[in-house]
$ cat start_1.pdb   # PDB, C-alpha atoms
ATOM      1  CA  MET A  58      87.414 255.875 234.358
ATOM      2  CA  LYS A  59      86.510 259.281 232.958
ATOM      3  CA  ALA A  60      87.197 260.114 229.312
ATOM      4  CA  ALA A  61      89.559 262.964 230.211
ATOM      5  CA  GLU A  62      91.626 260.697 232.477
ATOM      6  CA  ILE A  63      92.114 258.124 229.718
ATOM      7  CA  LEU A  64      93.774 260.841 227.642
ATOM      8  CA  GLU A  65      95.709 262.133 230.672
ATOM      9  CA  LEU A  66      93.752 265.376 230.782
ATOM     10  CA  THR A  67      91.988 267.224 233.582
ATOM     11  CA  ASP A  68      89.031 268.212 231.395
ATOM     12  CA  LEU A  69      87.637 267.354 227.980
ATOM     13  CA  ILE A  70      84.758 268.680 225.869
ATOM     14  CA  CYS A  71      83.137 266.366 223.329
ATOM     15  CA  VAL A  72      81.995 268.242 220.215
ATOM     16  CA  GLU A  73      78.948 265.997 219.736
ATOM     17  CA  ASP A  74      75.802 267.251 221.481
ATOM     18  CA  SER A  75      74.625 263.879 222.781
ATOM     19  CA  PHE A  76      75.548 260.198 222.923
ATOM     20  CA  ALA A  77      72.868 259.470 220.331
ATOM     21  CA  ASP A  78      74.571 261.908 217.935
ATOM     22  CA  LEU A  79      77.716 259.773 217.903
ATOM     23  CA  ALA A  80      76.188 257.644 215.115
ATOM     24  CA  ASP A  81      75.970 260.686 212.814
ATOM     25  CA  PRO A  82      79.272 261.454 211.031
ATOM     26  CA  ALA A  83      78.315 265.124 210.768
ATOM     27  CA  SER A  84      78.233 265.411 214.571
ATOM     28  CA  ALA A  85      82.048 265.181 214.653
ATOM     29  CA  ASP A  86      82.598 267.858 212.006
ATOM     30  CA  PRO A  87      83.068 270.747 214.489
ATOM     31  CA  ILE A  88      86.464 269.255 215.360
ATOM     32  CA  LEU A  89      87.634 270.144 211.841
ATOM     33  CA  SER A  90      87.056 273.858 212.427
ATOM     34  CA  LEU A  91      89.650 274.011 215.212
ATOM     35  CA  ASP A  92      93.143 275.419 214.874
ATOM     36  CA  PRO A  93      94.855 272.842 217.093
ATOM     37  CA  GLU A  94      97.854 273.612 219.270
ATOM     38  CA  ALA A  95      98.295 269.960 220.303
ATOM     39  CA  GLY A  96      96.640 266.620 219.594
ATOM     40  CA  LYS A  97      95.886 263.183 221.019
ATOM     41  CA  LEU A  98      94.618 260.186 219.091
ATOM     42  CA  LEU A  99      92.956 257.166 220.727
ATOM     43  CA  VAL A 100      92.832 253.683 219.208
ATOM     44  CA  ASP A 101      91.289 250.484 220.523
ATOM     45  CA  GLU A 102      92.792 247.051 221.135
ATOM     46  CA  ASN A 103      92.658 246.384 217.372
ATOM     47  CA  GLU A 104      94.272 249.766 216.614
ATOM     48  CA  ASP A 105      91.025 251.124 215.164
ATOM     49  CA  LEU A 106      90.504 254.841 215.722
ATOM     50  CA  MET A 107      87.982 255.683 218.464
ATOM     51  CA  ALA A 108      88.558 259.372 219.144
ATOM     52  CA  VAL A 109      90.762 262.358 218.508
ATOM     53  CA  ALA A 110      91.312 265.333 220.809
ATOM     54  CA  PHE A 111      92.796 268.748 220.064
ATOM     55  CA  ARG A 112      93.818 271.613 222.321
ATOM     56  CA  SER A 113      92.538 274.916 221.020
ATOM     57  CA  GLY A 114      92.145 278.213 222.841
ATOM     58  CA  GLY A 115      93.285 276.659 226.100
ATOM     59  CA  ALA A 116      90.680 273.843 226.121
ATOM     60  CA  TRP A 117      90.715 270.253 224.901
ATOM     61  CA  TYR A 118      88.011 269.139 222.465
ATOM     62  CA  ALA A 119      87.306 265.547 221.378
ATOM     63  CA  ALA A 120      85.438 263.913 218.514
ATOM     64  CA  ASN A 121      84.337 260.290 218.708
ATOM     65  CA  TYR A 122      84.464 257.622 216.001
ATOM     66  CA  LEU A 123      82.912 254.713 217.883
ATOM     67  CA  PHE A 124      80.023 254.309 215.458
ATOM     68  CA  HIS A 125      81.275 255.836 212.203
ATOM     69  CA  THR A 126      84.527 256.260 210.329
ATOM     70  CA  PRO A 127      86.475 259.523 210.609
ATOM     71  CA  ALA A 128      86.865 262.032 207.830
ATOM     72  CA  THR A 129      90.336 261.863 206.280
ATOM     73  CA  GLU A 130      90.813 265.532 207.167
ATOM     74  CA  VAL A 131      90.859 264.750 210.877
ATOM     75  CA  ILE A 132      93.876 262.469 210.446
ATOM     76  CA  ASP A 133      95.671 265.194 208.506
ATOM     77  CA  LEU A 134      94.840 267.659 211.273
ATOM     78  CA  PHE A 135      96.237 265.315 213.916
ATOM     79  CA  GLU A 136      99.419 264.636 211.975
ATOM     80  CA  GLY A 137      99.994 268.371 211.807
ATOM     81  CA  THR A 138     100.138 268.529 215.590
ATOM     82  CA  ASP A 139     102.844 265.880 216.005
ATOM     83  CA  GLY A 140     100.554 264.571 218.731
ATOM     84  CA  GLU A 141     100.496 261.538 221.018
ATOM     85  CA  ILE A 142      98.767 258.205 220.327
ATOM     86  CA  TYR A 143      96.944 256.380 223.128
ATOM     87  CA  GLN A 144      95.452 252.888 223.228
ATOM     88  CA  GLU A 145      92.522 251.702 225.319
ATOM     89  CA  ASP A 146      90.002 248.869 225.318
ATOM     90  CA  ARG A 147      86.945 249.828 223.258
ATOM     91  CA  ASP A 148      84.520 248.902 226.027
ATOM     92  CA  VAL A 149      86.401 251.085 228.501
ATOM     93  CA  TRP A 150      86.306 254.155 226.245
ATOM     94  CA  THR A 151      82.669 253.577 225.285
ATOM     95  CA  GLY A 152      81.734 253.397 228.964
ATOM     96  CA  ALA A 153      83.658 256.599 229.651
ATOM     97  CA  VAL A 154      81.815 258.375 226.843
ATOM     98  CA  ARG A 155      78.460 257.108 228.116
ATOM     99  CA  GLU A 156      79.428 258.454 231.544
ATOM    100  CA  TYR A 157      80.315 261.840 230.014
ATOM    101  CA  TYR A 158      76.886 262.251 228.433
ATOM    102  CA  SER A 159      75.062 260.789 231.436
ATOM    103  CA  ALA A 160      76.716 263.454 233.590
ATOM    104  CA  ALA A 161      75.432 266.092 231.158
ATOM    105  CA  ILE A 162      71.880 264.754 231.540
ATOM    106  CA  LEU A 163      72.156 264.868 235.322
ATOM    107  CA  ARG A 164      73.399 268.494 235.157
ATOM    108  CA  GLU A 165      70.976 269.805 232.565
ATOM    109  CA  VAL A 166      67.719 267.805 232.778
ATOM    110  CA  LYS A 167      65.089 268.057 235.500
ATOM    111  CA  PRO A 168      64.416 264.523 236.778
ATOM    112  CA  SER A 169      60.966 263.011 236.420
ATOM    113  CA  ILE A 170      58.922 262.394 239.541
ATOM    114  CA  GLU A 171      59.690 259.283 241.559
ATOM    115  CA  ASP A 172      56.878 256.764 241.072
ATOM    116  CA  ILE A 173      58.574 253.386 241.623
ATOM    117  CA  PRO A 174      56.999 251.205 244.341
ATOM    118  CA  PRO A 175      59.694 250.332 246.902
ATOM    119  CA  ASP A 176      59.132 246.581 246.505
ATOM    120  CA  ARG A 177      59.322 246.467 242.714
ATOM    121  CA  PRO A 178      63.111 245.967 242.356
ATOM    122  CA  GLY A 179      62.906 242.953 244.634
ATOM    123  CA  LYS A 180      60.043 241.475 242.633
ATOM    124  CA  ILE A 181      61.960 241.914 239.370
ATOM    125  CA  ALA A 182      65.110 240.413 240.872
ATOM    126  CA  GLY A 183      63.047 237.452 242.027
ATOM    127  CA  LEU A 184      61.666 236.960 238.524
ATOM    128  CA  VAL A 185      65.142 237.152 236.969
ATOM    129  CA  THR A 186      66.652 234.608 239.363
ATOM    130  CA  GLU A 187      63.622 232.361 238.914
ATOM    131  CA  VAL A 188      64.195 232.341 235.148
ATOM    132  CA  TRP A 189      68.004 232.427 234.891
ATOM    133  CA  GLY A 190      69.336 231.831 238.391
ATOM    134  CA  ARG A 191      72.145 234.099 239.563
ATOM    135  CA  GLN A 192      74.447 234.989 236.679
ATOM    136  CA  GLU A 193      77.369 236.637 238.428
ATOM    137  CA  GLY A 194      78.979 239.227 236.176
ATOM    138  CA  ALA A 195      76.941 238.310 233.096
ATOM    139  CA  VAL A 196      76.068 241.298 230.910
ATOM    140  CA  CYS A 197      72.381 242.043 230.415
ATOM    141  CA  ILE A 198      70.799 244.678 228.174
ATOM    142  CA  ASP A 199      67.983 246.633 229.853
ATOM    143  CA  CYS A 200      65.826 247.976 227.021
ATOM    144  CA  CYS A 201      63.505 250.927 227.742
ATOM    145  CA  CYS A 202      65.098 251.137 231.180
ATOM    146  CA  GLY A 203      63.166 254.223 232.314
ATOM    147  CA  SER A 204      64.442 255.353 235.704
ATOM    148  CA  GLY A 205      66.362 252.139 236.239
ATOM    149  CA  VAL A 206      64.163 249.866 238.337
ATOM    150  CA  GLY A 207      65.087 246.918 236.118
ATOM    151  CA  ALA A 208      68.776 247.770 236.009
ATOM    152  CA  ALA A 209      68.920 247.940 239.811
ATOM    153  CA  ALA A 210      67.151 244.581 240.072
ATOM    154  CA  LEU A 211      69.477 242.969 237.547
ATOM    155  CA  ARG A 212      72.545 244.144 239.459
ATOM    156  CA  SER A 213      71.090 242.767 242.687
ATOM    157  CA  ALA A 214      70.737 239.441 240.841
ATOM    158  CA  GLY A 215      74.471 239.509 240.053
ATOM    159  CA  MET A 216      74.361 240.878 236.522
ATOM    160  CA  ARG A 217      76.136 243.823 234.915
ATOM    161  CA  THR A 218      73.771 246.044 232.978
ATOM    162  CA  LEU A 219      73.813 248.050 229.770
ATOM    163  CA  ALA A 220      70.705 250.219 229.875
ATOM    164  CA  TYR A 221      69.069 252.571 227.408
ATOM    165  CA  ASP A 222      65.998 254.764 227.075
ATOM    166  CA  HIS A 223      65.018 257.791 225.002
ATOM    167  CA  ASP A 224      63.627 259.879 227.900
ATOM    168  CA  PRO A 225      66.377 261.955 229.572
ATOM    169  CA  ALA A 226      64.110 262.981 232.467
ATOM    170  CA  LEU A 227      63.580 259.333 233.439
ATOM    171  CA  LEU A 228      67.302 258.671 233.126
ATOM    172  CA  ALA A 229      68.057 261.715 235.290
ATOM    173  CA  ARG A 230      65.769 260.298 237.987
ATOM    174  CA  GLY A 231      67.536 256.948 237.745
ATOM    175  CA  PHE A 232      70.950 258.575 238.098
ATOM    176  CA  GLU A 233      69.795 260.653 241.047
ATOM    177  CA  GLU A 234      68.344 257.617 242.830
ATOM    178  CA  GLY A 235      71.430 255.506 242.120
ATOM    179  CA  ARG A 236      69.507 252.897 240.169
ATOM    180  CA  LEU A 237      71.304 253.676 236.905
ATOM    181  CA  VAL A 238      75.088 253.601 236.505
ATOM    182  CA  PRO A 239      76.205 256.507 234.257
ATOM    183  CA  ALA A 240      78.909 254.511 232.446
ATOM    184  CA  GLU A 241      76.406 251.735 231.692
ATOM    185  CA  THR A 242      73.535 253.940 230.473
ATOM    186  CA  ALA A 243      72.765 255.650 227.156
ATOM    187  CA  CYS A 244      70.039 258.024 226.020
ATOM    188  CA  ILE A 245      69.223 256.713 222.546
ATOM    189  CA  ASP A 246      66.363 255.729 220.276
ATOM    190  CA  GLY A 247      65.875 252.059 221.140
ATOM    191  CA  THR A 248      64.805 251.280 217.581
ATOM    192  CA  MET A 249      68.475 251.856 216.669
ATOM    193  CA  ALA A 250      70.019 250.064 219.653
ATOM    194  CA  THR A 251      72.172 247.742 217.539
ATOM    195  CA  THR A 252      74.042 250.813 216.312
ATOM    196  CA  TYR A 253      75.282 251.564 219.829
ATOM    197  CA  PHE A 254      75.617 248.149 221.505
ATOM    198  CA  ARG A 255      77.120 244.790 220.698
ATOM    199  CA  PRO A 256      75.290 241.505 221.390
ATOM    200  CA  VAL A 257      75.441 240.166 224.951
ATOM    201  CA  PRO A 258      74.175 236.966 226.611
ATOM    202  CA  TYR A 259      71.004 238.394 228.176
ATOM    203  CA  GLY A 260      68.399 241.030 227.433
ATOM    204  CA  THR A 261      65.362 242.367 229.273
ATOM    205  CA  ALA A 262      62.516 244.823 228.920
ATOM    206  CA  PHE A 263      60.367 245.223 232.008
ATOM    207  CA  MET A 264      56.809 246.510 231.590
ATOM    208  CA  MET A 265      57.367 247.528 227.981
ATOM    209  CA  GLY A 266      54.460 249.929 228.065
ATOM    210  CA  THR A 267      50.946 249.949 226.699
ATOM    211  CA  ILE A 268      51.162 248.331 223.270
ATOM    212  CA  ARG A 269      48.256 249.503 221.142
ATOM    213  CA  SER A 270      47.440 248.771 217.514
ATOM    214  CA  PHE A 271      48.438 252.239 216.309
ATOM    215  CA  ASP A 272      51.894 252.181 217.931
ATOM    216  CA  SER A 273      52.640 248.456 217.802
ATOM    217  CA  GLY A 274      55.114 249.027 214.950
ATOM    218  CA  ILE A 275      57.393 251.023 217.246
ATOM    219  CA  TRP A 276      57.238 248.368 219.967
ATOM    220  CA  GLU A 277      57.946 245.683 217.398
ATOM    221  CA  ARG A 278      61.098 247.492 216.239
ATOM    222  CA  LEU A 279      62.201 247.938 219.856
ATOM    223  CA  THR A 280      61.661 244.234 220.478
ATOM    224  CA  LEU A 281      63.515 243.128 217.350
ATOM    225  CA  GLU A 282      66.506 245.297 218.266
ATOM    226  CA  LEU A 283      66.559 243.801 221.753
ATOM    227  CA  LEU A 284      66.363 240.283 220.327
ATOM    228  CA  ALA A 285      69.265 241.047 217.996
ATOM    229  CA  LEU A 286      71.338 242.149 220.995
ATOM    230  CA  SER A 287      70.613 239.247 223.356
ATOM    231  CA  GLU A 288      70.899 235.484 223.174
ATOM    232  CA  GLU A 289      68.258 234.977 225.881
ATOM    233  CA  THR A 290      65.526 237.563 226.310
ATOM    234  CA  LEU A 291      62.942 238.267 229.022
ATOM    235  CA  ILE A 292      60.121 240.760 228.343
ATOM    236  CA  THR A 293      57.249 241.630 230.672
ATOM    237  CA  VAL A 294      53.962 243.346 229.843
ATOM    238  CA  ALA A 295      50.686 244.009 231.621
ATOM    239  CA  THR A 296      48.233 241.960 229.533
ATOM    240  CA  GLU A 297      48.065 238.585 227.816
ATOM    241  CA  GLU A 298      47.193 240.274 224.511
ATOM    242  CA  GLU A 299      50.418 242.264 224.636
ATOM    243  CA  ALA A 300      52.398 239.149 225.553
ATOM    244  CA  ARG A 301      51.000 237.303 222.543
ATOM    245  CA  MET A 302      52.024 240.203 220.274
ATOM    246  CA  VAL A 303      55.554 240.136 221.679
ATOM    247  CA  ALA A 304      55.687 236.351 221.184
ATOM    248  CA  ALA A 305      54.720 236.773 217.541
ATOM    249  CA  TRP A 306      57.564 239.249 217.042
ATOM    250  CA  CYS A 307      59.930 236.774 218.677
ATOM    251  CA  ARG A 308      58.842 234.046 216.266
ATOM    252  CA  SER A 309      59.368 236.398 213.315
ATOM    253  CA  ALA A 310      62.968 236.798 214.528
ATOM    254  CA  GLY A 311      63.474 233.031 214.560
ATOM    255  CA  ARG A 312      63.041 232.659 218.322
ATOM    256  CA  THR A 313      60.966 230.114 220.220
ATOM    257  CA  PRO A 314      58.980 232.148 222.769
ATOM    258  CA  GLU A 315      57.295 230.968 225.933
ATOM    259  CA  VAL A 316      54.466 233.025 227.434
ATOM    260  CA  ARG A 317      53.511 232.650 231.079
ATOM    261  CA  GLU A 318      51.447 234.497 233.645
ATOM    262  CA  SER A 319      53.163 235.556 236.854
ATOM    263  CA  ASP A 320      51.576 236.378 240.188
ATOM    264  CA  ARG A 321      54.809 237.934 241.469
ATOM    265  CA  ASP A 322      53.703 241.446 240.392
ATOM    266  CA  PRO A 323      50.183 241.438 238.933
ATOM    267  CA  LEU A 324      50.261 245.182 238.144
ATOM    268  CA  TYR A 325      53.523 245.786 236.287
ATOM    269  CA  ASP A 326      54.978 242.456 235.164
ATOM    270  CA  ARG A 327      51.990 240.147 235.093
ATOM    271  CA  TRP A 328      52.752 238.548 231.738
ATOM    272  CA  VAL A 329      56.202 237.246 230.858
ATOM    273  CA  CYS A 330      57.562 236.334 227.433
ATOM    274  CA  LEU A 331      60.818 234.368 227.345
ATOM    275  CA  SER A 332      62.717 233.587 224.187
TER     276      SER A 332
END

$ encode --input "start_1.pdb" --output "C-alpha cells"
Amino acid sequence: MKAAEILELTDLICVEDSFADLADPASADPILSLDPEAGKLLVDENEDLMAVAFRSGGAWYAANYLFHTPATEVIDLFEGTDGEIYQEDRDVWTGAVREYYSAAILREVKPSIEDIPPDRPGKIAGLVTEVWGRQEGAVCIDCCCGSGVGAAALRSAGMRTLAYDHDPALLARGFEEGRLVPAETACIDGTMATTYFRPVPYGTAFMMGTIRSFDSGIWERLTLELLALSEETLITVATEEEARMVAAWCRSAGRTPEVRESDRDPLYDRWVCLS
C-alpha cells in the first residue's frame, strides 16, 4: 500500500530528502515551516507517532518519525489544525515509506549496467535451500544487496526479503529488472543498518566484495550490523582468506561460525561462512 493511500490521500510529499535521512531529526524540520490548512497524524499499533502530514498551498506534506522522536512543536502544529488521527501497523507504514523513496530512485537515478550472469540467482537459491531448506514466508535481510540478485534468489527459495545497499544506481537496476521489491528495499549506509531494521530470523550477504586490509574495518562494521539483525547468517566471499576474516568477526560477536568451500559458483560465492 502506498503512503498516500494509508492517509486517504491521492498524493503525498515527504519533506525528508531520502530514506537514509529519516534517522536525522533535522530532516523533518521543514514540516515546521508550513502554515497548515489541515492535518493528519499517524500512529502505530502501540499508539506511537510515526508520521504527521499537513496540507499547505494545495499539497500534502509529511514528516516521518520512524527512527527519531518528533519535536514538540509538530504536535502543537497538528493540534492547531483539529486534524484526523490514523492508525496503521508500523511494518506496513515503513514498507510504504521505503516504496516512496525507492520510486524516487527509479525516477531520478540512471541504473547501473546489467552484469548479472543469468544462472546466478538459481545458484544462490540452491545454496540457500541447501543450508536452510525452504523457509516459506520467513524474513531474511539481504545486506549489500546490489542490484538484487540475492533478493530474487531468496524469494525463489520461499523467503521474504528486506534488502539494503548504499548505491542508488545498483538499486535502480534491481528495481528495473524486477529483482528488488521497492517496499522491501532501502538505500542506506549498511554500517548503520540496525537504525533502520529490526532483527529477523535470517540474514545474508552474497559476494560481500573484495575485503582488503585497508578497508576491512568497513566490512567488519557491515558484518557486525548484519549479525545483530539476524539469528542465522550466511555470508559468501570469493577467497578463503576473506572467509576467515568474516569468521573472526562472527566470533567477536559471540557467534560460532562454520567456513566451507562451495563448488556451486566458484567465481562469486566460492567460500561460505555460516553462523

$ residues_around --input "start_1.pdb" --residues "region 298-312 of chain A" --least-positions-apart "2" --cutoff "6 Å" --atoms "all atoms listed in the file" --output "PyMOL selection string"
chain A and resi 296+314+332

$ atom_distance --input "start_1.pdb" --atom1 "CA of Pro239 (chain A)" --atom2 "CA of Tyr157 (chain A)"
8.0 Å

$ residues_near_point --input "start_1.pdb" --point "(58.9, 260.3, 242.0)" --cutoff "12 Å" --atoms "all atoms listed in the file" --output "PyMOL selection string"
chain A and resi 167-175+204+226-227+229-231+233-234

$ atom_distance --input "start_1.pdb" --atom1 "CA of Arg177 (chain A)" --atom2 "CA of Thr280 (chain A)"
22.5 Å

$ closest_residue --input "start_1.pdb" --among "A:Thr126, A:Thr138, A:Asn121, A:Ser270" --to "Trp150 (chain A)" --atoms "only C-alpha atoms"
A:Asn121

$ resolve_selection --input "start_1.pdb" --expression "the PyMOL selection byres ((chain A and resi 60) around 9)" --output "PDB file with C-alpha atoms, in the coordinates of the input"
ATOM      1  CA  MET A  58      87.414 255.875 234.358  1.00  0.00           C
ATOM      2  CA  LYS A  59      86.510 259.281 232.958  1.00  0.00           C
ATOM      3  CA  ALA A  61      89.559 262.964 230.211  1.00  0.00           C
ATOM      4  CA  GLU A  62      91.626 260.697 232.477  1.00  0.00           C
ATOM      5  CA  ILE A  63      92.114 258.124 229.718  1.00  0.00           C
ATOM      6  CA  LEU A  64      93.774 260.841 227.642  1.00  0.00           C
ATOM      7  CA  GLU A  65      95.709 262.133 230.672  1.00  0.00           C
ATOM      8  CA  LEU A  66      93.752 265.376 230.782  1.00  0.00           C
ATOM      9  CA  ASP A  68      89.031 268.212 231.395  1.00  0.00           C
ATOM     10  CA  LEU A  69      87.637 267.354 227.980  1.00  0.00           C
ATOM     11  CA  TRP A 150      86.306 254.155 226.245  1.00  0.00           C
ATOM     12  CA  THR A 151      82.669 253.577 225.285  1.00  0.00           C
ATOM     13  CA  GLY A 152      81.734 253.397 228.964  1.00  0.00           C
ATOM     14  CA  ALA A 153      83.658 256.599 229.651  1.00  0.00           C
ATOM     15  CA  VAL A 154      81.815 258.375 226.843  1.00  0.00           C
ATOM     16  CA  GLU A 156      79.428 258.454 231.544  1.00  0.00           C
ATOM     17  CA  TYR A 157      80.315 261.840 230.014  1.00  0.00           C
TER      18      TYR A 157
END

$ closest_residue --input "start_1.pdb" --among "A:Phe254, A:Phe76, A:Phe124, A:Tyr325" --to "Glu282 (chain A)" --atoms "all atoms listed in the file"
A:Phe254

$ decode --input "start_1.pdb" --residues "region 217-227 of chain A" --atoms "all heavy atoms" --output "short mmCIF file (atom, residue, chain, number, x, y, z; two decimals), in the first residue's frame"
data_model
loop_
_atom_site.label_atom_id
_atom_site.label_comp_id
_atom_site.auth_asym_id
_atom_site.auth_seq_id
_atom_site.Cartn_x
_atom_site.Cartn_y
_atom_site.Cartn_z
N ARG A 217 10.83 -13.96 2.38
CA ARG A 217 10.51 -12.55 2.15
C ARG A 217 11.74 -11.74 2.51
O ARG A 217 12.37 -11.99 3.55
CB ARG A 217 9.32 -12.11 2.99
CG ARG A 217 8.88 -10.68 2.71
CD ARG A 217 7.53 -10.40 3.34
NE ARG A 217 7.58 -10.32 4.78
CZ ARG A 217 7.90 -9.22 5.46
NH1 ARG A 217 8.23 -8.11 4.82
NH2 ARG A 217 7.89 -9.23 6.78
N THR A 218 12.11 -10.80 1.67
CA THR A 218 13.38 -10.11 1.85
C THR A 218 13.21 -8.69 2.39
O THR A 218 12.19 -8.04 2.17
CB THR A 218 14.16 -10.01 0.53
OG1 THR A 218 13.37 -9.29 -0.43
CG2 THR A 218 14.47 -11.39 -0.01
N LEU A 219 14.23 -8.25 3.09
CA LEU A 219 14.45 -6.84 3.43
C LEU A 219 15.86 -6.54 2.99
O LEU A 219 16.83 -7.07 3.55
CB LEU A 219 14.27 -6.60 4.93
CG LEU A 219 12.85 -6.75 5.47
CD1 LEU A 219 12.84 -6.66 6.99
CD2 LEU A 219 11.93 -5.68 4.88
N ALA A 220 16.00 -5.73 1.94
CA ALA A 220 17.29 -5.54 1.29
C ALA A 220 17.78 -4.10 1.46
O ALA A 220 16.98 -3.17 1.53
CB ALA A 220 17.17 -5.87 -0.20
N TYR A 221 19.11 -3.97 1.51
CA TYR A 221 19.66 -2.61 1.58
C TYR A 221 21.04 -2.55 0.93
O TYR A 221 21.79 -3.51 0.89
CB TYR A 221 19.72 -2.08 3.01
CG TYR A 221 20.53 -2.91 3.99
CD1 TYR A 221 21.90 -2.73 4.13
CD2 TYR A 221 19.91 -3.84 4.83
CE1 TYR A 221 22.63 -3.47 5.06
CE2 TYR A 221 20.62 -4.58 5.75
CZ TYR A 221 21.99 -4.38 5.86
OH TYR A 221 22.71 -5.12 6.77
N ASP A 222 21.33 -1.36 0.40
CA ASP A 222 22.62 -1.07 -0.22
C ASP A 222 22.77 0.44 -0.22
O ASP A 222 21.78 1.18 -0.10
CB ASP A 222 22.69 -1.63 -1.64
CG ASP A 222 24.12 -1.77 -2.15
OD1 ASP A 222 24.72 -0.75 -2.56
OD2 ASP A 222 24.64 -2.90 -2.13
N HIS A 223 24.00 0.92 -0.38
CA HIS A 223 24.23 2.36 -0.38
C HIS A 223 24.33 2.94 -1.78
O HIS A 223 24.45 4.16 -1.94
CB HIS A 223 25.52 2.70 0.39
CG HIS A 223 26.77 2.37 -0.38
ND1 HIS A 223 27.17 1.08 -0.63
CD2 HIS A 223 27.68 3.18 -0.99
CE1 HIS A 223 28.29 1.10 -1.33
NE2 HIS A 223 28.61 2.34 -1.58
N ASP A 224 24.29 2.10 -2.82
CA ASP A 224 24.48 2.55 -4.20
C ASP A 224 23.13 2.65 -4.92
O ASP A 224 22.55 1.64 -5.31
CB ASP A 224 25.39 1.57 -4.94
CG ASP A 224 25.81 2.07 -6.32
OD1 ASP A 224 25.05 2.87 -6.92
OD2 ASP A 224 26.87 1.66 -6.80
N PRO A 225 22.63 3.87 -5.13
CA PRO A 225 21.29 4.00 -5.74
C PRO A 225 21.26 3.53 -7.19
O PRO A 225 20.21 3.08 -7.66
CB PRO A 225 21.00 5.51 -5.65
CG PRO A 225 22.33 6.16 -5.47
CD PRO A 225 23.18 5.18 -4.74
N ALA A 226 22.38 3.59 -7.91
CA ALA A 226 22.38 3.13 -9.30
C ALA A 226 22.18 1.61 -9.37
O ALA A 226 21.47 1.11 -10.25
CB ALA A 226 23.69 3.52 -9.98
N LEU A 227 22.80 0.88 -8.45
CA LEU A 227 22.58 -0.57 -8.40
C LEU A 227 21.14 -0.89 -8.02
O LEU A 227 20.52 -1.79 -8.59
CB LEU A 227 23.55 -1.21 -7.40
CG LEU A 227 25.01 -1.34 -7.85
CD1 LEU A 227 25.87 -1.82 -6.69
CD2 LEU A 227 25.14 -2.28 -9.03
#
